[in-house]
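Novice: Below is the file input35.txt, which contains compact mmCIF, N, CA and C atoms.
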```
# COMPACT_ATOMS: atom_id res chain seq x y z
N MET A 1 22.78 -12.61 -17.67
CA MET A 1 22.22 -12.44 -16.36
C MET A 1 20.70 -12.59 -16.46
N ILE A 2 20.13 -13.30 -15.51
CA ILE A 2 18.69 -13.51 -15.46
C ILE A 2 18.08 -12.56 -14.46
N GLU A 3 16.98 -11.93 -14.86
CA GLU A 3 16.28 -11.02 -13.96
C GLU A 3 15.21 -11.78 -13.21
N MET A 4 15.20 -11.65 -11.90
CA MET A 4 14.21 -12.31 -11.06
C MET A 4 13.10 -11.33 -10.72
N GLU A 5 11.88 -11.81 -10.76
CA GLU A 5 10.74 -10.98 -10.41
C GLU A 5 9.89 -11.76 -9.41
N ALA A 6 9.50 -11.09 -8.33
CA ALA A 6 8.70 -11.74 -7.31
C ALA A 6 7.37 -12.20 -7.89
N GLY A 7 6.94 -13.38 -7.47
CA GLY A 7 5.65 -13.90 -7.91
C GLY A 7 4.51 -13.27 -7.12
N LEU A 8 3.32 -13.79 -7.37
CA LEU A 8 2.12 -13.32 -6.68
C LEU A 8 1.62 -14.42 -5.77
N PRO A 9 0.78 -14.08 -4.80
CA PRO A 9 0.21 -15.12 -3.93
C PRO A 9 -0.56 -16.15 -4.75
N ASP A 10 -0.65 -17.38 -4.23
CA ASP A 10 -1.38 -18.44 -4.91
C ASP A 10 -2.80 -17.99 -5.24
N GLY A 11 -3.23 -18.29 -6.45
CA GLY A 11 -4.58 -17.98 -6.87
C GLY A 11 -4.77 -16.59 -7.43
N TYR A 12 -3.72 -15.78 -7.45
CA TYR A 12 -3.82 -14.40 -7.94
C TYR A 12 -3.04 -14.25 -9.24
N MET A 13 -3.64 -13.53 -10.20
CA MET A 13 -2.96 -13.20 -11.44
C MET A 13 -2.67 -11.71 -11.53
N PHE A 14 -3.24 -10.95 -10.58
CA PHE A 14 -3.03 -9.50 -10.50
C PHE A 14 -3.15 -9.11 -9.04
N ILE A 15 -2.26 -8.24 -8.59
CA ILE A 15 -2.38 -7.68 -7.24
C ILE A 15 -2.14 -6.18 -7.30
N TRP A 16 -2.70 -5.51 -6.32
CA TRP A 16 -2.49 -4.06 -6.17
C TRP A 16 -1.25 -3.84 -5.34
N ASN A 17 -0.45 -2.84 -5.71
CA ASN A 17 0.74 -2.47 -4.94
C ASN A 17 0.43 -1.41 -3.90
N GLU A 18 -0.78 -0.87 -3.95
CA GLU A 18 -1.20 0.14 -2.99
C GLU A 18 -2.68 -0.06 -2.71
N GLU A 19 -3.25 0.80 -1.90
CA GLU A 19 -4.67 0.68 -1.55
C GLU A 19 -5.54 0.74 -2.80
N VAL A 20 -6.56 -0.08 -2.81
CA VAL A 20 -7.51 -0.10 -3.92
C VAL A 20 -8.46 1.09 -3.77
N SER A 21 -8.71 1.77 -4.85
CA SER A 21 -9.61 2.91 -4.85
C SER A 21 -11.02 2.48 -4.46
N ALA A 22 -11.67 3.28 -3.66
CA ALA A 22 -13.07 3.02 -3.29
C ALA A 22 -13.98 3.20 -4.51
N ASP A 23 -13.53 3.93 -5.52
CA ASP A 23 -14.30 4.18 -6.73
C ASP A 23 -13.76 3.39 -7.92
N LEU A 24 -13.29 2.19 -7.67
CA LEU A 24 -12.63 1.40 -8.70
C LEU A 24 -13.52 1.19 -9.93
N PHE A 25 -14.76 0.79 -9.73
CA PHE A 25 -15.64 0.56 -10.88
C PHE A 25 -15.80 1.84 -11.69
N THR A 26 -16.05 2.95 -11.01
CA THR A 26 -16.23 4.24 -11.69
C THR A 26 -14.98 4.63 -12.47
N GLU A 27 -13.81 4.36 -11.91
CA GLU A 27 -12.55 4.68 -12.60
C GLU A 27 -12.38 3.83 -13.86
N MET A 28 -12.80 2.58 -13.81
CA MET A 28 -12.68 1.71 -14.98
C MET A 28 -13.68 2.09 -16.07
N ASP A 29 -14.83 2.61 -15.69
CA ASP A 29 -15.90 2.95 -16.62
C ASP A 29 -15.58 4.28 -17.31
N ALA A 30 -14.67 4.21 -18.27
CA ALA A 30 -14.14 5.41 -18.91
C ALA A 30 -15.21 6.28 -19.58
N ASP A 31 -16.21 5.65 -20.19
CA ASP A 31 -17.24 6.45 -20.88
C ASP A 31 -18.47 6.71 -20.00
N LYS A 32 -18.40 6.32 -18.74
CA LYS A 32 -19.44 6.62 -17.73
C LYS A 32 -20.83 6.14 -18.14
N ASP A 33 -20.90 4.95 -18.77
CA ASP A 33 -22.20 4.40 -19.17
C ASP A 33 -22.67 3.29 -18.23
N LEU A 34 -22.06 3.21 -17.06
CA LEU A 34 -22.42 2.27 -16.00
C LEU A 34 -22.17 0.81 -16.37
N GLN A 35 -21.26 0.61 -17.31
CA GLN A 35 -20.80 -0.74 -17.65
C GLN A 35 -19.36 -0.63 -18.14
N VAL A 36 -18.60 -1.68 -17.91
CA VAL A 36 -17.20 -1.70 -18.31
C VAL A 36 -17.03 -2.76 -19.39
N LEU A 37 -16.61 -2.31 -20.56
CA LEU A 37 -16.34 -3.21 -21.67
C LEU A 37 -14.93 -3.77 -21.55
N ALA A 38 -14.64 -4.82 -22.30
CA ALA A 38 -13.32 -5.45 -22.23
C ALA A 38 -12.20 -4.46 -22.52
N SER A 39 -12.41 -3.55 -23.47
CA SER A 39 -11.37 -2.58 -23.81
C SER A 39 -11.12 -1.61 -22.65
N GLU A 40 -12.17 -1.17 -21.98
CA GLU A 40 -12.02 -0.27 -20.83
C GLU A 40 -11.28 -1.00 -19.69
N PHE A 41 -11.67 -2.24 -19.46
CA PHE A 41 -11.05 -3.04 -18.40
C PHE A 41 -9.56 -3.23 -18.68
N SER A 42 -9.24 -3.64 -19.90
CA SER A 42 -7.86 -3.87 -20.29
C SER A 42 -7.02 -2.60 -20.19
N ASP A 43 -7.54 -1.51 -20.72
CA ASP A 43 -6.82 -0.23 -20.65
C ASP A 43 -6.55 0.16 -19.20
N TYR A 44 -7.54 -0.02 -18.35
CA TYR A 44 -7.39 0.36 -16.94
C TYR A 44 -6.33 -0.50 -16.25
N ILE A 45 -6.41 -1.81 -16.41
CA ILE A 45 -5.45 -2.70 -15.75
C ILE A 45 -4.04 -2.42 -16.25
N LEU A 46 -3.86 -2.29 -17.56
CA LEU A 46 -2.53 -2.01 -18.10
C LEU A 46 -1.99 -0.67 -17.60
N ARG A 47 -2.86 0.33 -17.48
CA ARG A 47 -2.44 1.63 -16.95
C ARG A 47 -1.96 1.48 -15.50
N GLN A 48 -2.67 0.69 -14.70
CA GLN A 48 -2.28 0.49 -13.31
C GLN A 48 -0.91 -0.19 -13.22
N VAL A 49 -0.68 -1.16 -14.09
CA VAL A 49 0.62 -1.86 -14.12
C VAL A 49 1.71 -0.89 -14.57
N ASN A 50 1.47 -0.14 -15.63
CA ASN A 50 2.48 0.80 -16.15
C ASN A 50 2.81 1.90 -15.16
N GLU A 51 1.84 2.29 -14.33
CA GLU A 51 2.06 3.32 -13.32
C GLU A 51 2.60 2.75 -12.00
N GLY A 52 2.80 1.43 -11.95
CA GLY A 52 3.35 0.80 -10.75
C GLY A 52 2.33 0.61 -9.64
N LYS A 53 1.05 0.77 -9.95
CA LYS A 53 0.01 0.63 -8.93
C LYS A 53 -0.47 -0.80 -8.78
N GLY A 54 -0.18 -1.64 -9.77
CA GLY A 54 -0.58 -3.04 -9.73
C GLY A 54 0.44 -3.90 -10.46
N ARG A 55 0.34 -5.23 -10.23
CA ARG A 55 1.28 -6.16 -10.87
C ARG A 55 0.52 -7.35 -11.42
N LEU A 56 0.89 -7.75 -12.62
CA LEU A 56 0.38 -8.98 -13.21
C LEU A 56 1.37 -10.11 -12.90
N ALA A 57 0.87 -11.32 -12.89
CA ALA A 57 1.73 -12.47 -12.61
C ALA A 57 2.84 -12.55 -13.66
N PRO A 58 4.08 -12.66 -13.22
CA PRO A 58 5.19 -12.76 -14.17
C PRO A 58 5.17 -14.12 -14.88
N GLY A 59 5.68 -14.12 -16.11
CA GLY A 59 5.81 -15.36 -16.85
C GLY A 59 4.56 -15.77 -17.61
N PHE A 60 3.53 -14.93 -17.61
CA PHE A 60 2.30 -15.21 -18.33
C PHE A 60 2.02 -14.07 -19.30
N ASP A 61 1.26 -14.35 -20.34
CA ASP A 61 0.87 -13.34 -21.30
C ASP A 61 -0.10 -12.35 -20.64
N ALA A 62 0.26 -11.08 -20.61
CA ALA A 62 -0.55 -10.06 -19.94
C ALA A 62 -1.96 -9.98 -20.53
N ASN A 63 -2.08 -10.04 -21.85
CA ASN A 63 -3.40 -9.96 -22.47
C ASN A 63 -4.28 -11.14 -22.09
N ARG A 64 -3.68 -12.32 -22.00
CA ARG A 64 -4.44 -13.52 -21.61
C ARG A 64 -4.92 -13.40 -20.16
N ILE A 65 -4.05 -12.90 -19.28
CA ILE A 65 -4.44 -12.70 -17.87
C ILE A 65 -5.62 -11.74 -17.79
N ILE A 66 -5.52 -10.62 -18.50
CA ILE A 66 -6.57 -9.60 -18.45
C ILE A 66 -7.87 -10.14 -19.04
N GLU A 67 -7.79 -10.92 -20.12
CA GLU A 67 -8.99 -11.55 -20.68
C GLU A 67 -9.65 -12.46 -19.65
N ASN A 68 -8.85 -13.25 -18.95
CA ASN A 68 -9.39 -14.14 -17.92
C ASN A 68 -10.00 -13.35 -16.77
N MET A 69 -9.34 -12.28 -16.36
CA MET A 69 -9.87 -11.44 -15.29
C MET A 69 -11.22 -10.86 -15.71
N PHE A 70 -11.30 -10.38 -16.95
CA PHE A 70 -12.55 -9.81 -17.45
C PHE A 70 -13.65 -10.87 -17.47
N SER A 71 -13.33 -12.04 -17.98
CA SER A 71 -14.32 -13.13 -18.05
C SER A 71 -14.83 -13.50 -16.66
N ASN A 72 -13.94 -13.51 -15.68
CA ASN A 72 -14.36 -13.82 -14.31
C ASN A 72 -15.30 -12.76 -13.76
N GLN A 73 -15.10 -11.51 -14.13
CA GLN A 73 -15.95 -10.43 -13.64
C GLN A 73 -17.27 -10.35 -14.43
N ASP A 74 -17.24 -10.73 -15.68
CA ASP A 74 -18.44 -10.71 -16.52
C ASP A 74 -19.25 -11.97 -16.21
N ARG A 75 -19.87 -11.95 -15.06
CA ARG A 75 -20.50 -13.14 -14.51
C ARG A 75 -21.65 -13.68 -15.34
N ASN A 76 -22.34 -12.83 -16.10
CA ASN A 76 -23.44 -13.33 -16.92
C ASN A 76 -23.03 -13.52 -18.38
N GLY A 77 -21.76 -13.25 -18.71
CA GLY A 77 -21.22 -13.53 -20.03
C GLY A 77 -21.78 -12.67 -21.16
N ASP A 78 -22.23 -11.45 -20.83
CA ASP A 78 -22.81 -10.59 -21.87
C ASP A 78 -21.81 -9.61 -22.49
N GLY A 79 -20.52 -9.75 -22.15
CA GLY A 79 -19.51 -8.90 -22.77
C GLY A 79 -19.28 -7.57 -22.09
N LYS A 80 -19.89 -7.38 -20.92
CA LYS A 80 -19.68 -6.15 -20.16
C LYS A 80 -19.81 -6.48 -18.67
N ILE A 81 -19.19 -5.64 -17.86
CA ILE A 81 -19.26 -5.81 -16.41
C ILE A 81 -20.10 -4.66 -15.87
N THR A 82 -21.09 -5.00 -15.07
CA THR A 82 -21.88 -3.98 -14.39
C THR A 82 -21.37 -3.86 -12.95
N GLU A 83 -21.77 -2.82 -12.28
CA GLU A 83 -21.34 -2.63 -10.90
C GLU A 83 -21.83 -3.76 -10.02
N GLU A 84 -23.00 -4.33 -10.33
CA GLU A 84 -23.53 -5.44 -9.55
C GLU A 84 -22.68 -6.69 -9.71
N GLU A 85 -22.11 -6.90 -10.90
CA GLU A 85 -21.27 -8.06 -11.15
C GLU A 85 -19.88 -7.92 -10.54
N PHE A 86 -19.38 -6.70 -10.47
CA PHE A 86 -17.99 -6.44 -10.12
C PHE A 86 -17.69 -6.72 -8.65
N LYS A 87 -16.70 -7.59 -8.42
CA LYS A 87 -16.24 -7.89 -7.07
C LYS A 87 -14.74 -8.11 -7.09
N LEU A 88 -14.06 -7.58 -6.09
CA LEU A 88 -12.65 -7.89 -5.91
C LEU A 88 -12.53 -9.30 -5.35
N LYS A 89 -11.44 -9.97 -5.65
CA LYS A 89 -11.25 -11.33 -5.16
C LYS A 89 -11.37 -11.38 -3.64
N ALA A 90 -10.84 -10.39 -2.96
CA ALA A 90 -10.88 -10.35 -1.50
C ALA A 90 -12.30 -10.21 -0.96
N ASP A 91 -13.22 -9.68 -1.78
CA ASP A 91 -14.61 -9.47 -1.36
C ASP A 91 -15.50 -10.67 -1.62
N GLU A 92 -15.00 -11.63 -2.41
CA GLU A 92 -15.83 -12.78 -2.74
C GLU A 92 -15.91 -13.72 -1.56
N THR A 93 -17.08 -14.32 -1.38
CA THR A 93 -17.30 -15.24 -0.28
C THR A 93 -16.67 -16.58 -0.60
N PRO A 94 -15.75 -17.02 0.24
CA PRO A 94 -15.16 -18.34 -0.01
C PRO A 94 -16.20 -19.42 0.25
N HIS A 95 -16.08 -20.53 -0.45
CA HIS A 95 -17.00 -21.64 -0.22
C HIS A 95 -16.22 -22.94 -0.18
N ASP A 96 -16.75 -23.85 0.60
CA ASP A 96 -16.12 -25.16 0.71
C ASP A 96 -16.57 -26.03 -0.45
N GLU A 97 -15.65 -26.81 -0.95
CA GLU A 97 -16.00 -27.75 -2.01
C GLU A 97 -15.89 -29.15 -1.46
N LEU A 98 -16.68 -30.03 -2.01
CA LEU A 98 -16.66 -31.43 -1.56
C LEU A 98 -15.46 -32.15 -2.07
```
For the file at hand, write its structure as structure tokens.
Specialist:
Amino acid sequence: MIEMEAGLPDGYMFIWNEEVSADLFTEMDADKDLQVLASEFSDYILRQVNEGKGRLAPGFDANRIIENMFSNQDRNGDGKITEEEFKLKADETPHDEL
């Protein structure tokens, strides 16, 4: 028997199953140093998935998805995410491409 799992909307590799916390950055910043390292980010996302609060895209390597999510948030590529860098996909300004 094959188990079917619902996919995610186009362009998403992770979705929330419930309302997103208003203090999301603070919750991810486990050591409260005003930056989120890859390990903090990964631990937080995996905890949300394990608790049923979020879902990763089925059929893909979870660690690879989380690495890509982290890289997208680490906008200056310095290995950490600051509150200024952090944006939810829904908060990003769409732009037209030629």
Novice: Give me the range 53-94 of chain A side of the contact with range 20-29 of chain A, cut-off 8 Å, one line per residue showing its nearest atom pair and distance in Å at one decimal, counting only N, CA and C atoms, sorted by chain and residue number, as a tab-separated table.
Specialist:
```
residue	atom	partner	partner_atom	distance
A:Thr82	C	A:Phe25	CA	7.5
A:Glu83	CA	A:Phe25	CA	6.5
A:Phe86	CA	A:Phe25	CA	7.4
```
Novice: Using DSSP assignments from the backbone, pull out every residue in range 13-76 of chain A that falls under helix (DSSP H, G or I) and give it to me as a PyMOL selection string.
Specialist: chain A and resi 24-28+38-50+62-73
Novice: Find the residue from A:Met13, A:Ile81, A:Ile45, A:Met69 that sits nearest to Ala57 in chain A; use all atoms listed in the file when measuring.
Specialist: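 Looking at the shortest contact to Ala57 in chain A, the residue is A:Met13.
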Novice: Quote the spacing between CA of Ser39 in chain A and CA of Asn63 in chain A in Å to one decimal place.
Specialist: 10.9 Å
Novice: Can you list, as a list of chain:residue names, every residue of chain A that DSSP puts in strand (DSSP E)?
Specialist: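 Put together, the selection reads A:Phe14, A:Ile15, A:Trp16, A:Val36, A:Leu37, A:Gly54, A:Arg55, A:Leu56, A:Lys80, A:Ile81.
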Novice: So that I have them on file, write out the residues from the current selection with N, CA and C atoms, as a PDB file, keeping the file's coordinate frame.
Specialist:
```
ATOM      1  N   PHE A  14      -3.240 -10.950 -10.580  1.00  0.00           N
ATOM      2  CA  PHE A  14      -3.030  -9.500 -10.500  1.00  0.00           C
ATOM      3  C   PHE A  14      -3.150  -9.110  -9.040  1.00  0.00           C
ATOM      4  N   ILE A  15      -2.260  -8.240  -8.590  1.00  0.00           N
ATOM      5  CA  ILE A  15      -2.380  -7.680  -7.240  1.00  0.00           C
ATOM      6  C   ILE A  15      -2.140  -6.180  -7.300  1.00  0.00           C
ATOM      7  N   TRP A  16      -2.700  -5.510  -6.320  1.00  0.00           N
ATOM      8  CA  TRP A  16      -2.490  -4.060  -6.170  1.00  0.00           C
ATOM      9  C   TRP A  16      -1.250  -3.840  -5.340  1.00  0.00           C
ATOM     10  N   VAL A  36     -18.600  -1.680 -17.910  1.00  0.00           N
ATOM     11  CA  VAL A  36     -17.200  -1.700 -18.310  1.00  0.00           C
ATOM     12  C   VAL A  36     -17.030  -2.760 -19.390  1.00  0.00           C
ATOM     13  N   LEU A  37     -16.610  -2.310 -20.560  1.00  0.00           N
ATOM     14  CA  LEU A  37     -16.340  -3.210 -21.670  1.00  0.00           C
ATOM     15  C   LEU A  37     -14.930  -3.770 -21.550  1.00  0.00           C
ATOM     16  N   GLY A  54      -0.180  -1.640  -9.770  1.00  0.00           N
ATOM     17  CA  GLY A  54      -0.580  -3.040  -9.730  1.00  0.00           C
ATOM     18  C   GLY A  54       0.440  -3.900 -10.460  1.00  0.00           C
ATOM     19  N   ARG A  55       0.340  -5.230 -10.230  1.00  0.00           N
ATOM     20  CA  ARG A  55       1.280  -6.160 -10.870  1.00  0.00           C
ATOM     21  C   ARG A  55       0.520  -7.350 -11.420  1.00  0.00           C
ATOM     22  N   LEU A  56       0.890  -7.750 -12.620  1.00  0.00           N
ATOM     23  CA  LEU A  56       0.380  -8.980 -13.210  1.00  0.00           C
ATOM     24  C   LEU A  56       1.370 -10.110 -12.900  1.00  0.00           C
ATOM     25  N   LYS A  80     -19.890  -7.380 -20.920  1.00  0.00           N
ATOM     26  CA  LYS A  80     -19.680  -6.150 -20.160  1.00  0.00           C
ATOM     27  C   LYS A  80     -19.810  -6.480 -18.670  1.00  0.00           C
ATOM     28  N   ILE A  81     -19.190  -5.640 -17.860  1.00  0.00           N
ATOM     29  CA  ILE A  81     -19.260  -5.810 -16.410  1.00  0.00           C
ATOM     30  C   ILE A  81     -20.100  -4.660 -15.870  1.00  0.00           C
TER      31      ILE A  81
END
```
Novice: Within 6 Å of (-17.9, -2.7, -17.8), in the coordinates the file gives, what residues turn up when you count all atoms listed in the file, written out as a ChimeraX atom specification?
Specialist: /A:34-38,80-82
